[in-house]
Structure formats: C-alpha cells, structure tokens
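Q: Pasting structure.pdb here (PDB, C-alpha atoms):
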ATOM      1  CA  ALA A  18       0.000   0.000   0.000
ATOM      2  CA  ALA A  19       2.960   2.335   0.661
ATOM      3  CA  MET A  20       3.999   1.882  -2.971
ATOM      4  CA  ALA A  21       0.534   2.929  -4.211
ATOM      5  CA  ALA A  22       0.879   6.333  -2.503
ATOM      6  CA  ASP A  23       4.489   6.954  -3.599
ATOM      7  CA  ILE A  24       4.100   9.973  -5.901
ATOM      8  CA  PRO A  25       7.805  10.391  -6.842
ATOM      9  CA  TYR A  26       8.011   6.702  -7.771
ATOM     10  CA  TRP A  27       5.011   6.920 -10.133
ATOM     11  CA  GLU A  28       6.133  10.270 -11.568
ATOM     12  CA  ALA A  29       9.445   8.614 -12.497
ATOM     13  CA  ARG A  30       7.635   5.617 -14.010
ATOM     14  CA  ILE A  31       5.488   7.942 -16.167
ATOM     15  CA  VAL A  32       8.630   9.484 -17.661
ATOM     16  CA  GLU A  33       9.827   5.975 -18.586
ATOM     17  CA  SER A  34       6.434   4.762 -19.917
ATOM     18  CA  PRO A  35       4.181   7.725 -20.752
ATOM     19  CA  ASP A  36       1.732   5.484 -22.636
ATOM     20  CA  ASP A  37       1.291   2.854 -19.923
ATOM     21  CA  VAL A  38      -2.351   3.031 -18.845
ATOM     22  CA  THR A  39      -1.740   1.267 -15.546
ATOM     23  CA  VAL A  40       1.108   3.595 -14.580
ATOM     24  CA  ARG A  41      -1.037   6.644 -15.434
ATOM     25  CA  LEU A  42      -3.873   5.306 -13.285
ATOM     26  CA  ALA A  43      -1.426   4.559 -10.460
ATOM     27  CA  LEU A  44      -0.027   8.108 -10.591
ATOM     28  CA  GLY A  45      -3.533   9.571 -10.504
ATOM     29  CA  ASN A  46      -4.354   7.318  -7.555
ATOM     30  CA  ALA A  47      -1.159   8.381  -5.758
ATOM     31  CA  TYR A  48      -2.095  12.071  -6.218
ATOM     32  CA  ALA A  49      -5.619  11.357  -4.932
ATOM     33  CA  THR A  50      -4.316   9.407  -1.923
ATOM     34  CA  GLY A  51      -1.938  12.280  -1.176
ATOM     35  CA  GLN A  52      -4.842  14.769  -1.265
ATOM     36  CA  ARG A  53      -3.384  16.381  -4.416
ATOM     37  CA  LEU A  54      -6.836  16.164  -5.958
ATOM     38  CA  SER A  55      -6.585  18.648  -8.806
ATOM     39  CA  GLU A  56      -3.418  16.880  -9.979
ATOM     40  CA  ALA A  57      -5.286  13.575  -9.742
ATOM     41  CA  VAL A  58      -8.116  15.004 -11.856
ATOM     42  CA  ARG A  59      -5.606  16.255 -14.435
ATOM     43  CA  GLU A  60      -3.879  12.856 -14.590
ATOM     44  CA  PHE A  61      -7.143  10.913 -14.958
ATOM     45  CA  ARG A  62      -8.389  13.324 -17.643
ATOM     46  CA  THR A  63      -5.129  12.944 -19.584
ATOM     47  CA  LEU A  64      -5.475   9.172 -19.357
ATOM     48  CA  LEU A  65      -9.117   9.257 -20.503
ATOM     49  CA  ARG A  66      -8.362  11.545 -23.431
ATOM     50  CA  ASP A  67      -6.167   8.744 -24.814
ATOM     51  CA  TYR A  68      -8.211   5.802 -23.492
ATOM     52  CA  PRO A  69     -11.869   6.908 -23.311
ATOM     53  CA  GLU A  70     -13.077   3.332 -22.733
ATOM     54  CA  TYR A  71     -11.018   2.829 -19.548
ATOM     55  CA  LYS A  72     -13.684   2.330 -16.900
ATOM     56  CA  SER A  73     -11.304   2.471 -13.909
ATOM     57  CA  GLY A  74     -10.115   5.866 -15.105
ATOM     58  CA  TRP A  75     -13.690   7.190 -15.187
ATOM     59  CA  ASN A  76     -14.460   5.727 -11.762
ATOM     60  CA  ASN A  77     -11.324   7.201 -10.200
ATOM     61  CA  LEU A  78     -11.898  10.572 -11.884
ATOM     62  CA  GLY A  79     -15.353  10.520 -10.306
ATOM     63  CA  SER A  80     -13.880   9.832  -6.897
ATOM     64  CA  ALA A  81     -11.369  12.686  -7.240
ATOM     65  CA  TYR A  82     -14.190  15.057  -8.209
ATOM     66  CA  ARG A  83     -16.281  13.759  -5.304
ATOM     67  CA  ALA A  84     -13.414  14.466  -2.890
ATOM     68  CA  LEU A  85     -13.259  18.014  -4.296
ATOM     69  CA  GLY A  86     -16.984  18.408  -3.557
ATOM     70  CA  ARG A  87     -17.886  18.553  -7.266
ATOM     71  CA  LYS A  88     -20.834  16.166  -7.136
ATOM     72  CA  SER A  89     -22.286  16.662 -10.611
ATOM     73  CA  ARG A  90     -18.867  16.170 -12.229
ATOM     74  CA  ALA A  91     -18.412  13.064 -10.076
ATOM     75  CA  LEU A  92     -21.767  11.671 -11.213
ATOM     76  CA  ASP A  93     -20.923  12.363 -14.868
ATOM     77  CA  ALA A  94     -17.643  10.461 -14.549
ATOM     78  CA  TYR A  95     -19.228   7.503 -12.710
ATOM     79  CA  ARG A  96     -21.971   7.366 -15.358
ATOM     80  CA  ARG A  97     -19.352   7.231 -18.100
ATOM     81  CA  ALA A  98     -17.787   4.272 -16.247
ATOM     82  CA  VAL A  99     -21.054   2.305 -16.231
ATOM     83  CA  LYS A 100     -21.677   3.250 -19.851
ATOM     84  CA  VAL A 101     -18.374   1.532 -20.691
ATOM     85  CA  ASP A 102     -19.306  -1.450 -18.484
ATOM     86  CA  PRO A 103     -22.986  -1.727 -17.475
ATOM     87  CA  ARG A 104     -22.020  -4.311 -14.810
ATOM     88  CA  TYR A 105     -19.340  -2.143 -13.145
ATOM     89  CA  ALA A 106     -20.379  -2.548  -9.513
ATOM     90  CA  LEU A 107     -17.920  -0.106  -7.906
ATOM     91  CA  ALA A 108     -19.103   2.799 -10.065
ATOM     92  CA  TYR A 109     -22.742   2.041  -9.156
ATOM     93  CA  TYR A 110     -21.718   1.981  -5.505
ATOM     94  CA  ASN A 111     -20.015   5.362  -5.893
ATOM     95  CA  ILE A 112     -23.078   6.873  -7.602
ATOM     96  CA  GLY A 113     -25.017   5.647  -4.569
ATOM     97  CA  VAL A 114     -22.560   7.390  -2.236
ATOM     98  CA  VAL A 115     -22.998  10.721  -4.078
ATOM     99  CA  TYR A 116     -26.806  10.506  -3.873
ATOM    100  CA  ASP A 117     -26.588   9.328  -0.262
ATOM    101  CA  SER A 118     -24.443  12.295   0.785
ATOM    102  CA  ALA A 119     -26.882  14.647  -0.974
ATOM    103  CA  GLY A 120     -29.818  13.194   0.990
ATOM    104  CA  HIS A 121     -31.375  11.313  -1.964
ATOM    105  CA  TYR A 122     -31.720   8.057  -0.060
ATOM    106  CA  GLU A 123     -34.123   6.236  -2.401
ATOM    107  CA  LYS A 124     -31.823   6.806  -5.367
ATOM    108  CA  ALA A 125     -28.808   5.873  -3.248
ATOM    109  CA  ILE A 126     -30.417   2.579  -2.280
ATOM    110  CA  ASP A 127     -31.232   1.803  -5.928
ATOM    111  CA  TYR A 128     -27.581   2.277  -6.916
ATOM    112  CA  TYR A 129     -26.236   0.339  -3.927
ATOM    113  CA  GLY A 130     -28.635  -2.415  -4.983
ATOM    114  CA  LEU A 131     -27.174  -2.498  -8.512
ATOM    115  CA  ALA A 132     -23.653  -2.509  -7.091
ATOM    116  CA  LEU A 133     -24.325  -5.495  -4.838
ATOM    117  CA  LYS A 134     -26.245  -7.314  -7.556
ATOM    118  CA  TYR A 135     -23.193  -7.220  -9.847
ATOM    119  CA  ASP A 136     -20.615  -7.713  -7.088
ATOM    120  CA  PRO A 137     -21.950  -8.959  -3.733
ATOM    121  CA  SER A 138     -18.402  -8.878  -2.323
ATOM    122  CA  LEU A 139     -18.675  -5.057  -2.152
ATOM    123  CA  ALA A 140     -20.611  -5.711   1.049
ATOM    124  CA  ASP A 141     -17.449  -7.269   2.526
ATOM    125  CA  PRO A 142     -15.467  -4.708   4.577
ATOM    126  CA  ARG A 143     -12.209  -6.487   3.689
ATOM    127  CA  LYS A 144     -12.802  -5.632   0.039
ATOM    128  CA  ASN A 145     -14.668  -2.326   0.489
ATOM    129  CA  PRO A 146     -13.703  -0.745   3.853
ATOM    130  CA  GLN A 147     -16.075   2.220   3.417
ATOM    131  CA  VAL A 148     -19.047  -0.167   3.627
ATOM    132  CA  VAL A 149     -18.536  -0.304   7.412
ATOM    133  CA  SER A 150     -19.878   3.237   7.802
ATOM    134  CA  ASN A 151     -22.648   2.774   5.232
ATOM    135  CA  ARG A 152     -25.939   2.374   7.088
ATOM    136  CA  ARG A 153     -28.015   1.721   3.969
ATOM    137  CA  VAL A 154     -26.107  -1.231   2.540
ATOM    138  CA  LEU A 155     -27.553  -3.651   5.096
ATOM    139  CA  ALA A 156     -31.070  -2.704   3.978
ATOM    140  CA  VAL A 157     -30.059  -3.344   0.367
ATOM    141  CA  ILE A 158     -28.547  -6.738   1.197
ATOM    142  CA  LEU A 159     -31.712  -7.824   2.975
ATOM    143  CA  HIS A 160     -33.887  -6.536   0.129
ATOM    144  CA  ASN A 161     -31.794  -8.377  -2.498
ATOM    145  CA  TYR A 162     -31.827 -11.500  -0.349
ATOM    146  CA  LEU A 163     -35.612 -11.490  -0.047
ATOM    147  CA  GLU A 164     -36.101 -10.729  -3.759
ATOM    148  CA  SER A 165     -33.977 -13.729  -4.692
ATOM    149  CA  ALA A 166     -36.126 -15.889  -2.395
ATOM    150  CA  GLY A 167     -33.265 -16.292   0.040
ATOM    151  CA  THR A 168     -30.887 -17.841  -2.509
ATOM    152  CA  LEU A 169     -28.251 -15.111  -2.562
ATOM    153  CA  ALA A 170     -25.110 -16.652  -1.090
ATOM    154  CA  LEU A 171     -22.755 -14.167   0.563
ATOM    155  CA  PRO A 172     -19.900 -13.590   0.418
ATOM    156  CA  LEU A 173     -18.796 -14.578  -3.079
ATOM    157  CA  GLU A 174     -15.240 -14.859  -4.297
ATOM    158  CA  PRO A 175     -14.338 -11.718  -6.224
ATOM    159  CA  ALA A 176     -14.475 -12.259  -9.978
ATOM    160  CA  TYR A 177     -11.264 -10.313 -10.548
ATOM    161  CA  PRO A 178      -7.976 -10.016  -8.661
ATOM    162  CA  PRO A 179      -7.726  -7.410  -5.878
ATOM    163  CA  PRO A 180      -5.689  -4.282  -6.698
ATOM    164  CA  GLU A 181      -1.956  -4.837  -6.417
ATOM    165  CA  GLU A 182      -0.282  -3.697  -3.230
TER     166      GLU A 182
END
Using the file provided, produce a representation of the structure as structure tokens.

A:
Amino acid sequence: AAMAADIPYWEARIVESPDDVTVRLALGNAYATGQRLSEAVREFRTLLRDYPEYKSGWNNLGSAYRALGRKSRALDAYRRAVKVDPRYALAYYNIGVVYDSAGHYEKAIDYYGLALKYDPSLADPRKNPQVVSNRRVLAVILHNYLESAGTLALPLEPAYPPPEE
C-alpha cells in the first residue's frame, strides 16, 4: 500500500512509460491518496483523453471530483464508467454514495442495490472498507436476499484479482 501512494516513484515511471495506462492510473491514484486532488483530476483526464473506454479511469476521476466536492462532475464520470461497463459494480456503488451524501436516499439505495447485484463482495469490509460506515447497505442486502427468495449466497469470491499492493 505504501507503494501505491508513492508519488515520486510513479512520476518517475510515467517518464519511462508515458503510454502505460496502468502507470497513469497509479499516478492519478497516488495524487488522490496524497490529497493532491486537482493533480489527480488532471492525470485521470489525460489518461481518458487517450483511453476513453477505460472504466477504472472514469471511476477514479469521479472519486477525485467527489473528494473536491464537485458532485455533478463526479456523477458524470461515474456514469461514463457504467456506460463503458454496465455491470461495473464499484461505479454504481459510488453513484449511490454521491446521492446518499446529498440526501437522496431512495436513489442511493437503488444504486447500492445495482452494485451489490453485480458484485456482492462489495458488502465485505475487507474488500470495500467504506461499507462499514454505510448504514443503507444492510437494507439493500436484505432486500436483495428477499427478492432472490433467500438464494443469494454471501460472500462470493471476487471475480477479478484485488488491486496490487
């Protein structure tokens, strides 16, 4: 995790491989983690100009905007992410968080529901630590459970590898 936040390391890697999508995303993430949010936004936007179908870039741009308090820009970016991948659970979760923080609880619950439908492991605090402070996710889990006639098995193995340390 220390490596992920190491801005000088990623800045040096970008010089070596300016076209490496993963390195660009990592640098943007390092800026965001270091609270250098406008630099994170700039990095994600540069990445997305070259790779407009990169869903993680859109999601992370949304999160940088959200941290800057720019909710409508955050929503736009998250929506672009789910346009690229209509089953992108994390972006649905993040849309839910924006609505939740704005007091639009019904909408928030709808988006949390989509997130957990596509990736039930988002309800697992080991995978998604912010779920611990999310009071509405439990309601969504119970609702989804009842709708599936009690057949929803939790937790599931994640369908993709966790982010690299």

Q: Pick out the closest residue to A:Ala49 from this set: A:Ala132, A:Ala21, A:Val154, A:Ala29. Count only C-alpha atoms.

A: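 Of the candidates, the smallest distance to A:Ala49 is held by A:Ala21.
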
Q: To verify the selection step, state as a ChimeraX atom specification which residues the PyMOL selection byres ((chain A and resi 98) around 12) yields on this input.

A: /A:65,69-80,91-97,99-112

Q: If you measure from atom CA of A:Leu44 to atom CA of A:Ala57, what distance in Å do you get, rounded to one decimal?

A: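 Atom-to-atom, atom CA of A:Leu44 to atom CA of A:Ala57, that is 7.6 Å.
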
Q: Using only C-alpha atoms, determine which residues lie at most 10 Å from stretch 122-130 of chain A, disregarding the query and same-chain residues fewer than 4 positions distant; provide the list as a PyMOL selection string.

A: chain A and resi 106-118+134-137+139-140+153-158+160-161

Q: Using all atoms listed in the file, can you tell me which of A:Pro35, A:Arg30, A:Ser138, A:Ala81 comes closest to A:Glu56?

A: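 Smallest distance to A:Glu56 is found for A:Ala81.
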
Q: What is the atom CA of A:Arg53 to atom CA of A:Asp141 distance in Å?

A: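 Calculated distance between atom CA of A:Arg53 and atom CA of A:Asp141 is 28.4 Å.
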
Q: For the file shown, report as an MDAnalysis selection string the outcome of the PyMOL selection byres ((chain A and resi 24) around 7) at residue level.

A: chainID A and resid 22:23 25:28 44 47:48

Q: Please determine, counting only C-alpha atoms, which residue among A:Val58, A:Val149, A:Ala119, A:Ile31 has the shortest atom-to-atom distance to A:Ala84.

A: A:Val58

Q: Between atom CA of A:Val148 and atom CA of A:Tyr82, what is the distance, to one decimal in Å?

A: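 For atom CA of A:Val148 relative to atom CA of A:Tyr82, the distance reads 19.9 Å.
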
Q: My list of candidates is A:Asp36, A:Met20, A:Gly86, A:His121. Which is closest to A:Arg66 when distances are computed with all atoms listed in the file?

A: A:Asp36

Q: Find the spatial neighbours of A:Leu42, counting only C-alpha atoms, within a cut-off of 7 Å - ignore same-chain residues fewer than 3 positions away - and output them as a list in words.

A: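 Non-adjacent residues within range: Val38, Thr39, Gly45, Asn46, Phe61 and Gly74 of chain A.
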
Q: Let me have the centre and edge lengths in Å, one decimal, of the box along x, y and z around every listed atom of stretch 83-96 of chain A with 4 Å of margin on each side, as AutoDock Vina command-line options.

A:
--center_x -17.8 --center_y 13.0 --center_z -9.1 --size_x 17.0 --size_y 19.2 --size_z 20.5
